[in-house]
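Engineer: coords38.cif is the file, holding mmCIF, C-alpha atoms, pLDDT in the B column; chains and numbers go by the auth columns:
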data_work
#
loop_
_atom_site.group_PDB
_atom_site.id
_atom_site.type_symbol
_atom_site.label_atom_id
_atom_site.label_comp_id
_atom_site.label_asym_id
_atom_site.label_seq_id
_atom_site.Cartn_x
_atom_site.Cartn_y
_atom_site.Cartn_z
_atom_site.B_iso_or_equiv
_atom_site.auth_seq_id
_atom_site.auth_asym_id
ATOM 1 C CA MET A 1 -152.467 166.677 149.932 75.00 1 G
ATOM 2 C CA LYS A 2 -152.038 169.437 152.469 79.00 2 G
ATOM 3 C CA ILE A 3 -152.557 173.100 151.482 78.00 3 G
ATOM 4 C CA THR A 4 -151.300 175.900 153.726 80.00 4 G
ATOM 5 C CA ILE A 5 -152.046 179.589 153.133 81.00 5 G
ATOM 6 C CA GLN A 6 -150.274 182.241 155.165 83.00 6 G
ATOM 7 C CA ASP A 7 -151.078 185.954 155.244 86.00 7 G
ATOM 8 C CA LEU A 8 -147.859 187.915 154.641 85.00 8 G
ATOM 9 C CA PRO A 9 -146.803 191.212 156.187 87.00 9 G
ATOM 10 C CA GLU A 10 -146.757 194.238 153.867 88.00 10 G
ATOM 11 C CA GLY A 11 -143.647 194.397 151.690 86.00 11 G
ATOM 12 C CA GLU A 12 -142.804 190.690 151.890 86.00 12 G
ATOM 13 C CA GLU A 13 -142.687 188.911 148.533 82.00 13 G
ATOM 14 C CA GLU A 14 -145.338 186.287 147.804 80.00 14 G
ATOM 15 C CA GLU A 15 -143.987 182.784 147.301 81.00 15 G
ATOM 16 C CA ILE A 16 -145.484 179.443 146.356 82.00 16 G
ATOM 17 C CA VAL A 17 -143.566 176.300 147.255 84.00 17 G
ATOM 18 C CA ILE A 18 -144.637 172.954 145.864 84.00 18 G
ATOM 19 C CA ARG A 19 -143.337 169.937 147.749 85.00 19 G
ATOM 20 C CA CYS A 20 -143.949 166.705 145.880 86.00 20 G
ATOM 21 C CA ARG A 21 -142.473 163.283 145.210 86.00 21 G
ATOM 22 C CA GLY A 22 -142.496 163.869 141.472 86.00 22 G
ATOM 23 C CA MET A 23 -143.816 166.353 138.957 84.00 23 G
ATOM 24 C CA ASP A 24 -146.795 164.896 137.105 85.00 24 G
ATOM 25 C CA GLU A 25 -148.973 166.426 134.395 80.00 25 G
ATOM 26 C CA GLN A 26 -151.554 167.732 136.872 80.00 26 G
ATOM 27 C CA LEU A 27 -148.908 169.593 138.907 82.00 27 G
ATOM 28 C CA LEU A 28 -147.328 170.961 135.746 79.00 28 G
ATOM 29 C CA LYS A 29 -150.729 172.342 134.663 74.00 29 G
ATOM 30 C CA LEU A 30 -151.132 173.925 138.089 77.00 30 G
ATOM 31 C CA VAL A 31 -147.738 175.630 137.824 75.00 31 G
ATOM 32 C CA TYR A 32 -148.583 176.999 134.357 70.00 32 G
ATOM 33 C CA ALA A 33 -151.976 178.197 135.588 68.00 33 G
ATOM 34 C CA LEU A 34 -150.405 179.981 138.555 71.00 34 G
ATOM 35 C CA ARG A 35 -147.831 181.676 136.335 66.00 35 G
ATOM 36 C CA ALA A 36 -150.287 182.619 133.606 60.00 36 G
ATOM 37 C CA GLY A 37 -152.835 183.974 136.062 57.00 37 G
ATOM 38 C CA ARG A 38 -150.608 186.773 137.275 61.00 38 G
ATOM 39 C CA GLU A 39 -147.898 187.118 134.690 77.00 39 G
ATOM 40 C CA LYS A 40 -148.565 189.920 132.246 86.00 40 G
ATOM 41 C CA LEU A 41 -146.943 190.297 128.863 91.00 41 G
ATOM 42 C CA THR A 42 -145.218 193.502 127.827 93.00 42 G
ATOM 43 C CA VAL A 43 -146.421 194.605 124.411 96.00 43 G
ATOM 44 C CA SER A 44 -146.246 197.811 122.392 96.00 44 G
ATOM 45 C CA ARG A 45 -148.369 199.897 120.059 95.00 45 G
ATOM 46 C CA GLN A 46 -147.500 203.260 118.538 94.00 46 G
ATOM 47 C CA GLU A 47 -144.271 203.518 120.563 92.00 47 G
ATOM 48 C CA ARG A 48 -146.097 203.010 123.889 95.00 48 G
ATOM 49 C CA LEU A 49 -145.629 200.014 126.170 96.00 49 G
ATOM 50 C CA PHE A 50 -148.568 198.165 127.686 95.00 50 G
ATOM 51 C CA ARG A 51 -148.951 195.231 130.083 93.00 51 G
ATOM 52 C CA ILE A 52 -151.657 192.735 129.162 93.00 52 G
ATOM 53 C CA LEU A 53 -152.901 189.460 130.589 90.00 53 G
ATOM 54 C CA PRO A 54 -152.486 186.479 128.255 90.00 54 G
ATOM 55 C CA SER A 55 -156.168 185.648 128.838 89.00 55 G
ATOM 56 C CA ALA A 56 -157.098 188.771 126.830 92.00 56 G
ATOM 57 C CA VAL A 57 -155.281 187.484 123.735 95.00 57 G
ATOM 58 C CA TYR A 58 -157.154 185.699 120.951 96.00 58 G
ATOM 59 C CA TYR A 59 -154.018 184.678 119.069 96.00 59 G
ATOM 60 C CA PHE A 60 -150.381 185.505 118.388 97.00 60 G
ATOM 61 C CA GLU A 61 -149.089 185.741 114.836 97.00 61 G
ATOM 62 C CA ALA A 62 -145.568 186.051 113.420 97.00 62 G
ATOM 63 C CA VAL A 63 -145.319 188.260 110.338 96.00 63 G
ATOM 64 C CA ASP A 64 -142.039 189.447 108.760 96.00 64 G
ATOM 65 C CA ASN A 65 -139.937 188.590 111.846 94.00 65 G
ATOM 66 C CA ARG A 66 -142.354 190.457 114.126 97.00 66 G
ATOM 67 C CA VAL A 67 -144.873 188.915 116.533 97.00 67 G
ATOM 68 C CA PHE A 68 -148.303 190.439 117.110 98.00 68 G
ATOM 69 C CA ALA A 69 -150.864 189.802 119.855 97.00 69 G
ATOM 70 C CA TYR A 70 -154.467 190.082 118.655 96.00 70 G
ATOM 71 C CA LEU A 71 -157.039 191.046 121.268 95.00 71 G
ATOM 72 C CA GLU A 72 -160.741 191.751 120.834 91.00 72 G
ATOM 73 C CA LYS A 73 -160.240 195.281 119.437 92.00 73 G
ATOM 74 C CA GLU A 74 -156.507 195.945 119.594 95.00 74 G
ATOM 75 C CA VAL A 75 -153.336 194.572 118.028 96.00 75 G
ATOM 76 C CA TYR A 76 -150.038 194.870 119.872 98.00 76 G
ATOM 77 C CA GLU A 77 -146.500 193.876 119.034 97.00 77 G
ATOM 78 C CA THR A 78 -144.372 191.786 121.371 97.00 78 G
ATOM 79 C CA LYS A 79 -140.615 191.403 121.327 95.00 79 G
ATOM 80 C CA LEU A 80 -140.966 187.708 122.220 95.00 80 G
ATOM 81 C CA LYS A 81 -140.626 185.066 119.519 96.00 81 G
ATOM 82 C CA LEU A 82 -143.347 182.440 119.149 96.00 82 G
ATOM 83 C CA TYR A 83 -141.169 179.729 120.711 93.00 83 G
ATOM 84 C CA GLU A 84 -140.595 182.010 123.736 92.00 84 G
ATOM 85 C CA LEU A 85 -144.342 182.573 124.060 93.00 85 G
ATOM 86 C CA GLU A 86 -144.899 178.802 123.881 90.00 86 G
ATOM 87 C CA GLU A 87 -142.513 178.378 126.821 85.00 87 G
ATOM 88 C CA ARG A 88 -144.222 181.093 128.899 85.00 88 G
ATOM 89 C CA LEU A 89 -147.887 180.463 128.118 88.00 89 G
ATOM 90 C CA ASP A 90 -150.071 177.810 129.741 83.00 90 G
ATOM 91 C CA PRO A 91 -150.134 174.865 127.283 82.00 91 G
ATOM 92 C CA THR A 92 -153.660 173.989 128.408 82.00 92 G
ATOM 93 C CA ARG A 93 -154.846 177.424 127.221 86.00 93 G
ATOM 94 C CA PHE A 94 -152.573 178.232 124.276 92.00 94 G
ATOM 95 C CA VAL A 95 -151.554 175.956 121.430 93.00 95 G
ATOM 96 C CA ARG A 96 -149.353 176.334 118.375 95.00 96 G
ATOM 97 C CA ILE A 97 -151.338 175.683 115.196 95.00 97 G
ATOM 98 C CA SER A 98 -148.714 176.621 112.583 95.00 98 G
ATOM 99 C CA ASN A 99 -145.174 177.926 112.258 94.00 99 G
ATOM 100 C CA SER A 100 -146.581 181.441 112.484 96.00 100 G
ATOM 101 C CA GLU A 101 -149.533 181.203 114.888 97.00 101 G
ATOM 102 C CA ILE A 102 -150.464 180.382 118.489 97.00 102 G
ATOM 103 C CA ILE A 103 -154.137 180.520 119.456 96.00 103 G
ATOM 104 C CA SER A 104 -156.014 180.770 122.734 95.00 104 G
ATOM 105 C CA LEU A 105 -158.097 177.626 123.231 93.00 105 G
ATOM 106 C CA ASN A 106 -160.414 179.664 125.471 92.00 106 G
ATOM 107 C CA ARG A 107 -161.379 181.733 122.413 94.00 107 G
ATOM 108 C CA VAL A 108 -162.228 178.775 120.143 93.00 108 G
ATOM 109 C CA THR A 109 -165.971 178.665 119.463 93.00 109 G
ATOM 110 C CA ALA A 110 -166.038 176.094 116.621 92.00 110 G
ATOM 111 C CA VAL A 111 -163.791 173.459 115.078 91.00 111 G
ATOM 112 C CA ASP A 112 -164.383 172.302 111.499 90.00 112 G
ATOM 113 C CA LEU A 113 -162.738 169.075 110.364 86.00 113 G
ATOM 114 C CA SER A 114 -162.559 168.562 106.618 81.00 114 G
ATOM 115 C CA LEU A 115 -162.425 165.217 104.829 75.00 115 G
ATOM 116 C CA SER A 116 -158.944 166.138 103.604 76.00 116 G
ATOM 117 C CA GLY A 117 -157.714 166.203 107.216 76.00 117 G
ATOM 118 C CA THR A 118 -157.376 169.946 107.659 83.00 118 G
ATOM 119 C CA ILE A 119 -158.800 171.842 110.613 91.00 119 G
ATOM 120 C CA CYS A 120 -160.345 175.320 110.628 92.00 120 G
ATOM 121 C CA MET A 121 -160.972 176.892 114.015 93.00 121 G
ATOM 122 C CA THR A 122 -163.325 179.803 114.583 93.00 122 G
ATOM 123 C CA LEU A 123 -162.393 182.162 117.394 93.00 123 G
ATOM 124 C CA ASP A 124 -164.623 184.707 119.165 90.00 124 G
ATOM 125 C CA GLY A 125 -165.513 187.460 116.732 74.00 125 G
ATOM 126 C CA MET A 126 -165.589 185.047 113.777 83.00 126 G
ATOM 127 C CA VAL A 127 -161.810 185.053 113.280 89.00 127 G
ATOM 128 C CA LYS A 128 -160.760 181.964 111.303 92.00 128 G
ATOM 129 C CA ALA A 129 -157.525 180.140 112.106 93.00 129 G
ATOM 130 C CA TYR A 130 -156.264 177.239 110.009 93.00 130 G
ATOM 131 C CA VAL A 131 -154.192 174.457 111.524 93.00 131 G
ATOM 132 C CA SER A 132 -151.233 173.521 109.348 90.00 132 G
ATOM 133 C CA ARG A 133 -150.829 169.821 108.524 88.00 133 G
ATOM 134 C CA ARG A 134 -147.747 169.594 110.748 90.00 134 G
ATOM 135 C CA TYR A 135 -149.851 170.498 113.824 92.00 135 G
ATOM 136 C CA VAL A 136 -153.091 168.595 113.041 90.00 136 G
ATOM 137 C CA LYS A 137 -152.199 165.521 115.111 88.00 137 G
ATOM 138 C CA LYS A 138 -151.223 167.679 118.106 87.00 138 G
ATOM 139 C CA ILE A 139 -154.464 169.686 117.897 88.00 139 G
ATOM 140 C CA LYS A 140 -156.574 166.541 117.626 86.00 140 G
ATOM 141 C CA GLU A 141 -154.865 165.152 120.738 86.00 141 G
ATOM 142 C CA THR A 142 -155.221 168.447 122.622 84.00 142 G
ATOM 143 C CA LEU A 143 -158.933 168.701 121.822 83.00 143 G
ATOM 144 C CA ASN A 144 -159.610 164.932 122.004 81.00 144 G
ATOM 145 C CA LEU A 145 -160.787 164.922 118.383 75.00 145 G
ATOM 146 C CA GLY A 146 -160.718 162.003 115.985 61.00 146 G
ATOM 147 C CA ARG A 147 -161.671 159.264 118.455 52.00 147 G
ATOM 148 C CA ARG A 148 -164.941 157.416 118.388 49.00 148 G
ATOM 149 C CA ASN A 149 -165.687 154.532 120.767 42.00 149 G
ATOM 150 C CA GLY A 150 -162.013 154.399 121.717 45.00 150 G
ATOM 151 C CA HIS A 151 -160.838 153.810 118.142 44.00 151 G
ATOM 152 C CA GLU A 152 -158.908 156.226 115.976 44.00 152 G
ATOM 153 C CA LYS A 153 -160.842 157.384 112.910 44.00 153 G
ATOM 154 C CA ALA A 154 -159.234 156.552 109.596 41.00 154 G
#
Please, can you express the file's structure as structure tokens?
Structural biologist:
Amino acid sequence: MKITIQDLPEGEEEEIVIRCRGMDEQLLKLVYALRAGREKLTVSRQERLFRILPSAVYYFEAVDNRVFAYLEKEVYETKLKLYELEERLDPTRFVRISNSEIISLNRVTAVDLSLSGTICMTLDGMVKAYVSRRYVKKIKETLNLGRRNGHEKA
């Protein structure tokens, strides 16, 4: 693979061109990482607009047809729906855990698996997030949980 970096004159728009024979998972992750690294989200609080990096978000939650972004000390509202956030956010860093919640995998500090098959995730700051049954299989695959010696646990 050849990588070329060119210094641009002032005022010229930055551009990344990927030339490949086919888009594989590794390239797709790279594209998401590039987008997420610079793309800020517009959020609001008390009638003021703010621009935040997705990396600052612990989780997004939908409540009463409104979507909130929870950071370390602040809570903001976004006009985006959860499915729109899923499309924009890096799927290697953010994952849907229920119909009303998307969490940042970078903020997960502990994962508790119960015998009943449910999953409780602890985020920085001791915030608890519960994975709904519908998303358990996806979370286990994302985090490589539930496999021992190459065999699926019963």
Engineer: With the file shown as input, list the residues that the PyMOL selection byres ((chain G and resi 70) around 6) selects, as a list in words.
Structural biologist: Val57, Tyr58, Tyr59, Ala69, Leu71 and Val75 of chain G
Engineer: Taking 4 positions as the minimum chain separation for residues in the same chain, which residues sit within 12 Å of Val131 (chain G) when counting only C-alpha atoms? Answer as a PyMOL selection string.
Structural biologist: chain G and resi 95-103+111-114+117-122+135-140
Engineer: Restrict the selected residues to C-alpha atoms and save them as a compact mmCIF listing (two decimals), in the coordinates of the input.
Structural biologist:
# COMPACT_ATOMS: atom_id res chain seq x y z
CA VAL G 95 -151.55 175.96 121.43
CA ARG G 96 -149.35 176.33 118.38
CA ILE G 97 -151.34 175.68 115.20
CA SER G 98 -148.71 176.62 112.58
CA ASN G 99 -145.17 177.93 112.26
CA SER G 100 -146.58 181.44 112.48
CA GLU G 101 -149.53 181.20 114.89
CA ILE G 102 -150.46 180.38 118.49
CA ILE G 103 -154.14 180.52 119.46
CA VAL G 111 -163.79 173.46 115.08
CA ASP G 112 -164.38 172.30 111.50
CA LEU G 113 -162.74 169.08 110.36
CA SER G 114 -162.56 168.56 106.62
CA GLY G 117 -157.71 166.20 107.22
CA THR G 118 -157.38 169.95 107.66
CA ILE G 119 -158.80 171.84 110.61
CA CYS G 120 -160.34 175.32 110.63
CA MET G 121 -160.97 176.89 114.02
CA THR G 122 -163.32 179.80 114.58
CA TYR G 135 -149.85 170.50 113.82
CA VAL G 136 -153.09 168.60 113.04
CA LYS G 137 -152.20 165.52 115.11
CA LYS G 138 -151.22 167.68 118.11
CA ILE G 139 -154.46 169.69 117.90
CA LYS G 140 -156.57 166.54 117.63
Engineer: Hey, which of G:Ser104, G:Thr78, G:Thr109, G:Ser132 ends up closest to Val63 (chain G)? Count only C-alpha atoms.
Structural biologist: G:Thr78
Engineer: Show which residues sit within 9 Å of Arg51 (chain G), as a list in words. Count only C-alpha atoms, and ignore same-chain residues fewer than 6 positions away.
Structural biologist: Lys40, Leu41, Thr42, Val43 and Ser44 of chain G
Engineer: Under the PyMOL selection byres ((chain G and resi 88-93) around 9), which residues of this model are included? Write them out as an MDAnalysis selection string.
Structural biologist: chainID G and resid 29 31:33 35:36 54:55 83:87 94:95 103:106 142
Engineer: Would you mind exporting C-alpha atoms of the selected residues as a PDB file, keeping the file's coordinate frame?
Structural biologist:
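File written: out.pdb
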ATOM      1  CA  LYS G  29    -150.729 172.342 134.663  1.00 74.00           C
ATOM      2  CA  VAL G  31    -147.738 175.630 137.824  1.00 75.00           C
ATOM      3  CA  TYR G  32    -148.583 176.999 134.357  1.00 70.00           C
ATOM      4  CA  ALA G  33    -151.976 178.197 135.588  1.00 68.00           C
ATOM      5  CA  ARG G  35    -147.831 181.676 136.335  1.00 66.00           C
ATOM      6  CA  ALA G  36    -150.287 182.619 133.606  1.00 60.00           C
ATOM      7  CA  PRO G  54    -152.486 186.479 128.255  1.00 90.00           C
ATOM      8  CA  SER G  55    -156.168 185.648 128.838  1.00 89.00           C
ATOM      9  CA  TYR G  83    -141.169 179.729 120.711  1.00 93.00           C
ATOM     10  CA  GLU G  84    -140.595 182.010 123.736  1.00 92.00           C
ATOM     11  CA  LEU G  85    -144.342 182.573 124.060  1.00 93.00           C
ATOM     12  CA  GLU G  86    -144.899 178.802 123.881  1.00 90.00           C
ATOM     13  CA  GLU G  87    -142.513 178.378 126.821  1.00 85.00           C
ATOM     14  CA  PHE G  94    -152.573 178.232 124.276  1.00 92.00           C
ATOM     15  CA  VAL G  95    -151.554 175.956 121.430  1.00 93.00           C
ATOM     16  CA  ILE G 103    -154.137 180.520 119.456  1.00 96.00           C
ATOM     17  CA  SER G 104    -156.014 180.770 122.734  1.00 95.00           C
ATOM     18  CA  LEU G 105    -158.097 177.626 123.231  1.00 93.00           C
ATOM     19  CA  ASN G 106    -160.414 179.664 125.471  1.00 92.00           C
ATOM     20  CA  THR G 142    -155.221 168.447 122.622  1.00 84.00           C
TER      21      THR G 142
END
Engineer: What's around region 15-21 of chain G at 10 Å? Count all atoms listed in the file, leave out sequence neighbours fewer than 5 positions away in its own chain, and write the answer as JSON, numbers by chain.
Structural biologist: {"G": [1, 2, 3, 5, 8, 27, 31, 34]}
Engineer: Give me a file of those residues, with C-alpha atoms, as an mmCIF file, in the frame of the given file.
Structural biologist:
data_model
loop_
_atom_site.group_PDB
_atom_site.id
_atom_site.type_symbol
_atom_site.label_atom_id
_atom_site.label_comp_id
_atom_site.auth_asym_id
_atom_site.auth_seq_id
_atom_site.Cartn_x
_atom_site.Cartn_y
_atom_site.Cartn_z
ATOM 1 C CA MET G 1 -152.467 166.677 149.932
ATOM 2 C CA LYS G 2 -152.038 169.437 152.469
ATOM 3 C CA ILE G 3 -152.557 173.100 151.482
ATOM 4 C CA ILE G 5 -152.046 179.589 153.133
ATOM 5 C CA LEU G 8 -147.859 187.915 154.641
ATOM 6 C CA LEU G 27 -148.908 169.593 138.907
ATOM 7 C CA VAL G 31 -147.738 175.630 137.824
ATOM 8 C CA LEU G 34 -150.405 179.981 138.555
#
Engineer: When the PyMOL selection byres ((chain G and resi 124) around 9) is applied to the file above, which residues end up in the set, as a list in words?
Structural biologist: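 That expression, the PyMOL selection byres ((chain G and resi 124) around 9), corresponds here to Tyr58, Glu72, Arg107, Val108, Thr109, Thr122, Leu123, Gly125, Met126 and Val127 of chain G.
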Engineer: Extract, using only C-alpha atoms, all DNA, RNA and protein residues at most 12 Å from Gln46 (chain G), discarding same-chain residues fewer than 4 positions from it, and format them as a list in words.
Structural biologist: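 So the residues in contact are Phe50, Glu74, Val75, Tyr76 and Glu77 of chain G.
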Engineer: Between CA of Leu82 (chain G) and CA of Phe68 (chain G), what distance in Å does the model show, to one decimal?
Structural biologist: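 Calculated distance between CA of Leu82 (chain G) and CA of Phe68 (chain G) is 9.6 Å.
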Engineer: Report, as JSON, the centre and edge lengths in Å (one decimal) of the axis-aligned box enclosing every listed atom of region 68-72 of chain G, padded by 5 Å on each side.
Structural biologist:
{"center_x": -154.5, "center_y": 190.8, "center_z": 119.2, "size_x": 22.4, "size_y": 11.9, "size_z": 14.2}
Engineer: How far is it from CA of Met23 (chain G) to CA of Asn144 (chain G), in Å with one decimal?
Structural biologist: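 Going from CA of Met23 (chain G) over to CA of Asn144 (chain G), I get 23.2 Å.
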Engineer: When you draw a straight line from CA of Glu39 (chain G) to CA of Glu12 (chain G), how long is it in Å?
Structural biologist: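 CA of Glu12 (chain G) lies 18.3 Å from CA of Glu39 (chain G).
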